[in-house]
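Visitor: For reference, the file data25.txt (compact mmCIF, C-alpha atoms) is included below:
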# COMPACT_ATOMS: atom_id res chain seq x y z
CA ARG A 1107 -79.91 -101.95 -187.12
CA ASP A 1108 -83.39 -103.13 -186.40
CA LEU A 1109 -85.22 -101.22 -189.14
CA VAL A 1110 -84.57 -100.99 -192.85
CA MET A 1111 -86.55 -98.47 -194.89
CA ILE A 1112 -86.93 -99.25 -198.58
CA LEU A 1113 -88.29 -96.39 -200.64
CA ASN A 1114 -90.89 -96.97 -203.31
CA TYR A 1115 -90.14 -93.81 -205.26
CA GLU A 1116 -92.54 -92.47 -207.85
CA ASP A 1117 -91.44 -89.88 -210.32
CA GLU A 1118 -93.39 -86.66 -209.82
CA ASP A 1119 -93.80 -86.32 -213.60
CA VAL A 1120 -96.36 -89.15 -213.75
CA ASP A 1121 -98.70 -88.85 -216.73
CA LEU A 1122 -102.12 -88.89 -215.06
CA THR A 1123 -103.76 -88.90 -218.52
CA SER A 1124 -102.25 -92.32 -219.32
CA GLU A 1125 -104.51 -95.31 -219.98
CA ARG A 1126 -103.40 -96.87 -216.68
CA HIS A 1127 -104.48 -93.87 -214.61
CA GLN A 1128 -107.71 -93.44 -216.61
CA PHE A 1129 -108.48 -97.13 -216.01
CA GLU A 1130 -107.90 -96.66 -212.26
CA ARG A 1131 -110.27 -93.67 -212.24
CA LEU A 1132 -112.88 -95.69 -214.15
CA LEU A 1133 -112.75 -98.51 -211.58
CA LYS A 1134 -112.94 -96.02 -208.70
CA GLY A 1135 -115.91 -94.21 -210.24
CA GLU A 1136 -113.96 -90.98 -210.60
CA SER A 1137 -114.23 -88.47 -213.42
CA MET A 1138 -112.02 -89.34 -216.40
CA ASP A 1139 -110.66 -85.80 -216.58
CA ASN A 1140 -109.68 -85.69 -212.89
CA ILE A 1141 -105.91 -85.31 -212.85
CA ASP A 1142 -105.70 -83.73 -209.42
CA THR A 1143 -102.35 -84.75 -207.95
CA SER A 1144 -103.51 -83.78 -204.46
CA ALA A 1145 -106.21 -86.46 -204.42
CA PRO A 1146 -105.85 -88.80 -201.43
CA ARG A 1147 -103.66 -91.86 -201.95
CA PHE A 1148 -103.81 -94.84 -199.66
CA GLN A 1149 -100.94 -97.02 -198.48
CA HIS A 1150 -101.08 -100.60 -197.25
CA LEU A 1151 -98.56 -101.38 -194.49
CA GLN A 1152 -97.56 -104.86 -193.44
CA VAL A 1153 -94.60 -106.73 -192.02
CA LEU A 1154 -93.53 -109.66 -194.19
CA GLN A 1155 -91.28 -112.42 -192.88
CA LEU A 1156 -88.81 -113.12 -195.71
CA GLY A 1157 -86.39 -115.80 -194.60
CA ALA A 1158 -84.63 -114.43 -191.53
CA PHE A 1159 -85.74 -110.87 -192.31
CA SER A 1160 -88.78 -109.00 -191.05
CA VAL A 1161 -89.49 -106.36 -193.68
CA LEU A 1162 -91.88 -103.45 -193.29
CA VAL A 1163 -93.56 -103.04 -196.68
CA ALA A 1164 -95.57 -99.99 -197.72
CA ALA A 1165 -97.37 -99.98 -201.05
CA GLU A 1166 -99.97 -97.79 -202.69
CA VAL A 1167 -103.43 -99.31 -202.94
CA CYS A 1168 -104.86 -98.79 -206.43
CA ALA A 1169 -108.51 -99.42 -205.54
CA ALA A 1170 -110.74 -101.49 -203.26
CA ASP A 1171 -112.91 -104.48 -204.10
CA GLU A 1172 -116.51 -105.15 -202.97
CA GLN A 1173 -115.27 -106.18 -199.49
CA ASP A 1174 -113.17 -102.97 -199.20
CA MET A 1175 -109.97 -105.00 -199.55
CA PRO A 1176 -106.99 -103.74 -201.61
CA MET A 1177 -107.23 -104.50 -205.32
CA GLU A 1178 -104.48 -104.19 -207.93
CA VAL A 1179 -105.23 -102.47 -211.24
CA GLU A 1180 -103.26 -103.10 -214.43
CA ALA A 1181 -103.85 -101.50 -217.81
CA ALA A 1182 -100.75 -102.69 -219.67
CA TRP A 1183 -101.28 -104.63 -222.88
CA THR A 1184 -98.62 -107.14 -221.93
CA PRO A 1185 -98.03 -106.73 -218.21
CA ASP A 1186 -94.78 -107.63 -216.48
CA TRP A 1187 -96.31 -110.43 -214.41
CA THR A 1188 -93.37 -110.43 -211.97
CA LYS A 1189 -94.02 -106.77 -211.13
CA VAL A 1190 -97.78 -107.39 -210.93
CA MET A 1191 -97.26 -110.29 -208.51
CA LEU A 1192 -94.86 -108.29 -206.33
CA ARG A 1193 -97.24 -105.30 -206.29
CA MET A 1194 -100.11 -107.59 -205.25
CA ILE A 1195 -98.04 -109.05 -202.42
CA ALA A 1196 -96.85 -105.61 -201.27
CA SER A 1197 -100.32 -104.05 -201.36
CA GLY A 1198 -102.11 -107.05 -199.85
CA SER A 1199 -104.31 -107.32 -202.95
CA ALA A 1200 -106.35 -110.49 -203.33
CA THR A 1201 -107.62 -109.54 -206.79
CA LEU A 1202 -106.33 -107.99 -209.99
CA GLN A 1203 -108.45 -106.09 -212.49
CA GLN A 1204 -106.70 -105.96 -215.88
CA GLY A 1205 -107.94 -103.79 -218.70
CA ARG A 1206 -107.76 -105.41 -222.12
CA TYR A 1207 -107.15 -102.88 -224.89
CA GLN A 1208 -107.34 -102.92 -228.69
CA ASP A 1209 -105.92 -99.86 -230.46
CA HIS A 1210 -106.05 -97.78 -227.27
CA THR A 1211 -109.71 -98.65 -226.67
CA LEU A 1212 -110.76 -100.56 -223.56
CA GLU A 1213 -112.53 -103.71 -224.76
CA ALA A 1214 -112.86 -105.79 -221.60
CA VAL A 1215 -111.82 -106.09 -217.99
CA ASP A 1216 -110.35 -109.39 -216.85
CA SER A 1217 -110.39 -110.31 -213.17
CA TYR A 1218 -107.82 -112.60 -211.56
CA THR A 1219 -107.36 -113.84 -208.01
CA SER A 1220 -103.90 -113.67 -206.47
CA ARG A 1221 -103.72 -117.48 -206.77
CA GLU A 1222 -104.34 -117.23 -210.52
CA VAL A 1223 -101.59 -114.61 -210.88
CA PHE A 1224 -99.13 -116.63 -208.77
CA ALA A 1225 -99.97 -119.79 -210.80
CA ARG A 1226 -98.45 -118.11 -213.88
CA PHE A 1227 -95.06 -118.89 -212.31
CA SER A 1228 -93.57 -122.35 -212.05
CA ALA A 1229 -92.25 -123.57 -208.70
CA HIS A 1230 -88.75 -123.08 -210.13
CA ASP A 1231 -89.48 -119.45 -211.10
CA ARG A 1232 -90.97 -118.71 -207.67
CA ALA A 1233 -87.93 -120.24 -205.94
CA ALA A 1234 -85.58 -118.22 -208.16
CA LEU A 1235 -87.46 -115.00 -207.36
CA ALA A 1236 -87.42 -115.78 -203.62
CA GLY A 1237 -83.67 -116.47 -203.81
CA ASN A 1238 -83.18 -113.18 -205.65
CA VAL A 1239 -85.14 -111.21 -203.02
CA LEU A 1240 -83.31 -112.89 -200.11
CA GLY A 1241 -79.96 -112.31 -201.81
CA GLU A 1242 -80.76 -108.61 -202.18
CA LEU A 1243 -81.80 -108.39 -198.51
CA GLU A 1244 -78.55 -110.03 -197.41
CA ALA A 1245 -76.54 -107.65 -199.61
CA LEU A 1246 -78.52 -104.73 -198.20
CA GLN A 1247 -77.83 -105.86 -194.65
CA THR A 1248 -74.09 -105.85 -195.39
CA ARG A 1249 -74.19 -102.44 -197.10
CA LEU A 1250 -76.19 -100.82 -194.31
CA LEU A 1251 -73.89 -101.67 -191.43
CA ASP A 1252 -72.38 -98.18 -191.38
CA ARG A 1253 -74.60 -96.06 -193.65
CA GLN A 1254 -77.79 -94.01 -193.57
CA THR A 1255 -78.41 -94.12 -197.32
CA PRO A 1256 -82.00 -94.85 -198.40
CA PHE A 1257 -82.51 -97.49 -201.06
CA GLU A 1258 -85.13 -97.98 -203.72
CA LEU A 1259 -86.39 -101.18 -205.25
CA ALA A 1260 -85.83 -101.51 -209.00
CA SER A 1261 -86.62 -104.23 -211.49
CA LEU A 1262 -83.97 -104.82 -214.13
CA GLY A 1263 -84.80 -107.48 -216.70
CA GLY A 1264 -87.05 -109.39 -214.30
CA THR A 1265 -84.45 -109.29 -211.51
CA LEU A 1266 -85.01 -107.22 -208.39
CA VAL A 1267 -82.19 -105.01 -207.19
CA LEU A 1268 -81.85 -102.52 -204.38
CA GLN A 1269 -80.03 -99.41 -205.50
CA GLU A 1270 -79.03 -96.29 -203.64
CA HIS A 1271 -81.69 -93.63 -203.91
CA SER A 1272 -80.34 -90.42 -205.43
CA GLY A 1273 -83.42 -88.25 -204.94
CA PRO A 1274 -84.76 -86.54 -201.83
CA SER A 1275 -84.32 -88.47 -198.61
CA LEU A 1276 -85.70 -88.37 -195.12
CA VAL A 1277 -84.32 -85.97 -192.56
CA ARG A 1278 -83.24 -87.79 -189.42
CA ALA A 1279 -85.66 -86.58 -186.74
CA VAL A 1280 -83.02 -86.68 -184.02
CA ASP A 1281 -80.75 -84.34 -186.03
CA PHE A 1282 -83.65 -81.99 -186.70
CA LEU A 1283 -84.67 -81.92 -183.02
CA ASN A 1284 -81.08 -81.30 -181.90
CA ASP A 1285 -80.87 -78.34 -184.29
CA LEU A 1286 -84.26 -77.04 -183.19
CA PHE A 1287 -83.68 -77.47 -179.44
CA PRO A 1288 -79.93 -77.31 -178.85
CA THR A 1289 -78.76 -78.47 -175.47
CA ALA A 1290 -76.52 -76.12 -173.47
Output the structure of this file as structure tokens.

Guide:
Amino acid sequence: RDLVMILNYEDEDVDLTSERHQFERLLKGESMDNIDTSAPRFQHLQVLQLGAFSVLVAAEVCAADEQDMPMEVEAAWTPDWTKVMLRMIASGSATLQQGRYQDHTLEAVDSYTSREVFARFSAHDRAALAGNVLGELEALQTRLLDRQTPFELASLGGTLVLQEHSGPSLVRAVDFLNDLFPTA
């Protein structure tokens, strides 16, 4: 196979009134009470070379900075910095805007460059994470040899794993077209 699709699945029951989503709306200049789920969402697509693998990565862009470049937004009190770093890489974000809260009240907004976020990890931690990602890609390559199952990326205790996706999946276009336009 030449293409591997990894699903970044979001639960449809997302709480759009959460502090994280309110903080995103604040940075985008949107109304705080706007919880319209049909609002446009933007994806950043890129091909990353990870070891011997070329991986097509699609990630939601939270907001844009002054140069209209992707920007990551984080409203967690104690963010999972591994997830933040991976989201920044996936979305192509050069900056992070982190809301600092006290008793559910936004007190300040801290800004970090991607270099500052990546510097939170030692060379050993970065190497371990890279080894983990490459190990998962190799395992995925073996599991996909004879299957059409979509996978989703999960983080379990700071370790990335690819697990079979149990929710809705893509319909193979060729199957759909054969059903729609049967040949004699």

Visitor: What's the separation between atom CA of A:Leu1162 and atom CA of A:Phe1148, in Å to one decimal place?

Guide: 16.0 Å

Visitor: Would you mind telling me which residue in A:Gly1157, A:Pro1176, A:Gly1205, A:Pro1185 lies nearest to A:Leu1132 when using only C-alpha atoms?

Guide: A:Gly1205

Visitor: Using all atoms listed in the file, find the one residue out of A:Ala1158, A:Ala1245, A:Ala1181, A:Met1191 that sits nearest to A:Thr1211.

Guide: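 Checking each candidate against A:Thr1211, we get A:Ala1181 as the closest.
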
Visitor: Would you list the contacts of A:Gln1173 as a ChimeraX atom specification, taking every protein, DNA or RNA residue within 12 Å and counting all atoms listed in the file, but skipping same-chain residues closer than 3 positions in sequence?

Guide: /A:1169-1170,1176-1177,1199-1201

Visitor: Could you tell me how far atom CA of A:Arg1147 sits from atom CA of A:Gln1128, in Å to one decimal place?

Guide: 15.3 Å

Visitor: Under the rule that all atoms listed in the file are counted, which of A:Ala1182, A:Leu1122, A:Leu1202, A:Leu1154 is the nearest residue to A:Val1167?

Guide: A:Leu1202

Visitor: Report, in Å with one decimal, the straight-line distance from atom CA of A:Glu1213 to atom CA of A:Ser1197.

Guide: 26.4 Å

Visitor: Write stretch 1121-1137 of chain A as a PDB file, in the frame of the given file, completed to N, CA, C and O atoms.

Guide:
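Dumped to selection-v4.pdb:
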ATOM      1  N   ASP A1121     -97.683 -89.273-215.764  1.00  0.00           N
ATOM      2  CA  ASP A1121     -98.700 -88.850-216.730  1.00  0.00           C
ATOM      3  C   ASP A1121    -100.066 -89.347-216.265  1.00  0.00           C
ATOM      4  O   ASP A1121    -100.421 -90.503-216.488  1.00  0.00           O
ATOM      5  N   LEU A1122    -100.818 -88.489-215.592  1.00  0.00           N
ATOM      6  CA  LEU A1122    -102.120 -88.890-215.060  1.00  0.00           C
ATOM      7  C   LEU A1122    -103.181 -89.027-216.153  1.00  0.00           C
ATOM      8  O   LEU A1122    -104.306 -89.430-215.872  1.00  0.00           O
ATOM      9  N   THR A1123    -102.821 -88.697-217.410  1.00  0.00           N
ATOM     10  CA  THR A1123    -103.760 -88.900-218.520  1.00  0.00           C
ATOM     11  C   THR A1123    -103.519 -90.251-219.199  1.00  0.00           C
ATOM     12  O   THR A1123    -104.213 -90.578-220.154  1.00  0.00           O
ATOM     13  N   SER A1124    -102.561 -91.027-218.707  1.00  0.00           N
ATOM     14  CA  SER A1124    -102.250 -92.320-219.320  1.00  0.00           C
ATOM     15  C   SER A1124    -103.429 -93.286-219.180  1.00  0.00           C
ATOM     16  O   SER A1124    -104.312 -93.106-218.330  1.00  0.00           O
ATOM     17  N   GLU A1125    -103.441 -94.314-220.022  1.00  0.00           N
ATOM     18  CA  GLU A1125    -104.510 -95.310-219.980  1.00  0.00           C
ATOM     19  C   GLU A1125    -104.582 -95.969-218.603  1.00  0.00           C
ATOM     20  O   GLU A1125    -105.670 -96.241-218.098  1.00  0.00           O
ATOM     21  N   ARG A1126    -103.422 -96.226-217.990  1.00  0.00           N
ATOM     22  CA  ARG A1126    -103.400 -96.870-216.680  1.00  0.00           C
ATOM     23  C   ARG A1126    -104.139 -96.034-215.643  1.00  0.00           C
ATOM     24  O   ARG A1126    -104.992 -96.526-214.904  1.00  0.00           O
ATOM     25  N   HIS A1127    -103.838 -94.729-215.596  1.00  0.00           N
ATOM     26  CA  HIS A1127    -104.480 -93.870-214.610  1.00  0.00           C
ATOM     27  C   HIS A1127    -105.956 -93.634-214.937  1.00  0.00           C
ATOM     28  O   HIS A1127    -106.789 -93.534-214.041  1.00  0.00           O
ATOM     29  N   GLN A1128    -106.303 -93.564-216.230  1.00  0.00           N
ATOM     30  CA  GLN A1128    -107.710 -93.440-216.610  1.00  0.00           C
ATOM     31  C   GLN A1128    -108.480 -94.697-216.201  1.00  0.00           C
ATOM     32  O   GLN A1128    -109.612 -94.618-215.717  1.00  0.00           O
ATOM     33  N   PHE A1129    -107.846 -95.870-216.380  1.00  0.00           N
ATOM     34  CA  PHE A1129    -108.480 -97.130-216.010  1.00  0.00           C
ATOM     35  C   PHE A1129    -108.709 -97.182-214.494  1.00  0.00           C
ATOM     36  O   PHE A1129    -109.776 -97.601-214.039  1.00  0.00           O
ATOM     37  N   GLU A1130    -107.734 -96.723-213.717  1.00  0.00           N
ATOM     38  CA  GLU A1130    -107.900 -96.660-212.260  1.00  0.00           C
ATOM     39  C   GLU A1130    -109.077 -95.762-211.897  1.00  0.00           C
ATOM     40  O   GLU A1130    -109.894 -96.114-211.044  1.00  0.00           O
ATOM     41  N   ARG A1131    -109.165 -94.581-212.535  1.00  0.00           N
ATOM     42  CA  ARG A1131    -110.270 -93.670-212.240  1.00  0.00           C
ATOM     43  C   ARG A1131    -111.612 -94.290-212.606  1.00  0.00           C
ATOM     44  O   ARG A1131    -112.606 -94.137-211.889  1.00  0.00           O
ATOM     45  N   LEU A1132    -111.649 -95.020-213.728  1.00  0.00           N
ATOM     46  CA  LEU A1132    -112.880 -95.690-214.150  1.00  0.00           C
ATOM     47  C   LEU A1132    -113.327 -96.687-213.079  1.00  0.00           C
ATOM     48  O   LEU A1132    -114.494 -96.701-212.679  1.00  0.00           O
ATOM     49  N   LEU A1133    -112.394 -97.512-212.584  1.00  0.00           N
ATOM     50  CA  LEU A1133    -112.750 -98.510-211.580  1.00  0.00           C
ATOM     51  C   LEU A1133    -113.136 -97.887-210.240  1.00  0.00           C
ATOM     52  O   LEU A1133    -113.906 -98.462-209.477  1.00  0.00           O
ATOM     53  N   LYS A1134    -112.614 -96.705-209.957  1.00  0.00           N
ATOM     54  CA  LYS A1134    -112.940 -96.020-208.700  1.00  0.00           C
ATOM     55  C   LYS A1134    -114.186 -95.144-208.823  1.00  0.00           C
ATOM     56  O   LYS A1134    -114.631 -94.555-207.846  1.00  0.00           O
ATOM     57  N   GLY A1135    -114.732 -95.036-210.040  1.00  0.00           N
ATOM     58  CA  GLY A1135    -115.910 -94.210-210.240  1.00  0.00           C
ATOM     59  C   GLY A1135    -115.603 -92.727-210.266  1.00  0.00           C
ATOM     60  O   GLY A1135    -116.485 -91.901-210.045  1.00  0.00           O
ATOM     61  N   GLU A1136    -114.359 -92.377-210.543  1.00  0.00           N
ATOM     62  CA  GLU A1136    -113.960 -90.980-210.600  1.00  0.00           C
ATOM     63  C   GLU A1136    -114.136 -90.431-212.018  1.00  0.00           C
ATOM     64  O   GLU A1136    -114.210 -91.182-212.980  1.00  0.00           O
ATOM     65  N   SER A1137    -114.143 -89.123-212.128  1.00  0.00           N
ATOM     66  CA  SER A1137    -114.230 -88.470-213.420  1.00  0.00           C
ATOM     67  C   SER A1137    -112.978 -88.767-214.241  1.00  0.00           C
ATOM     68  O   SER A1137    -111.864 -88.752-213.718  1.00  0.00           O
TER      69      SER A1137
END
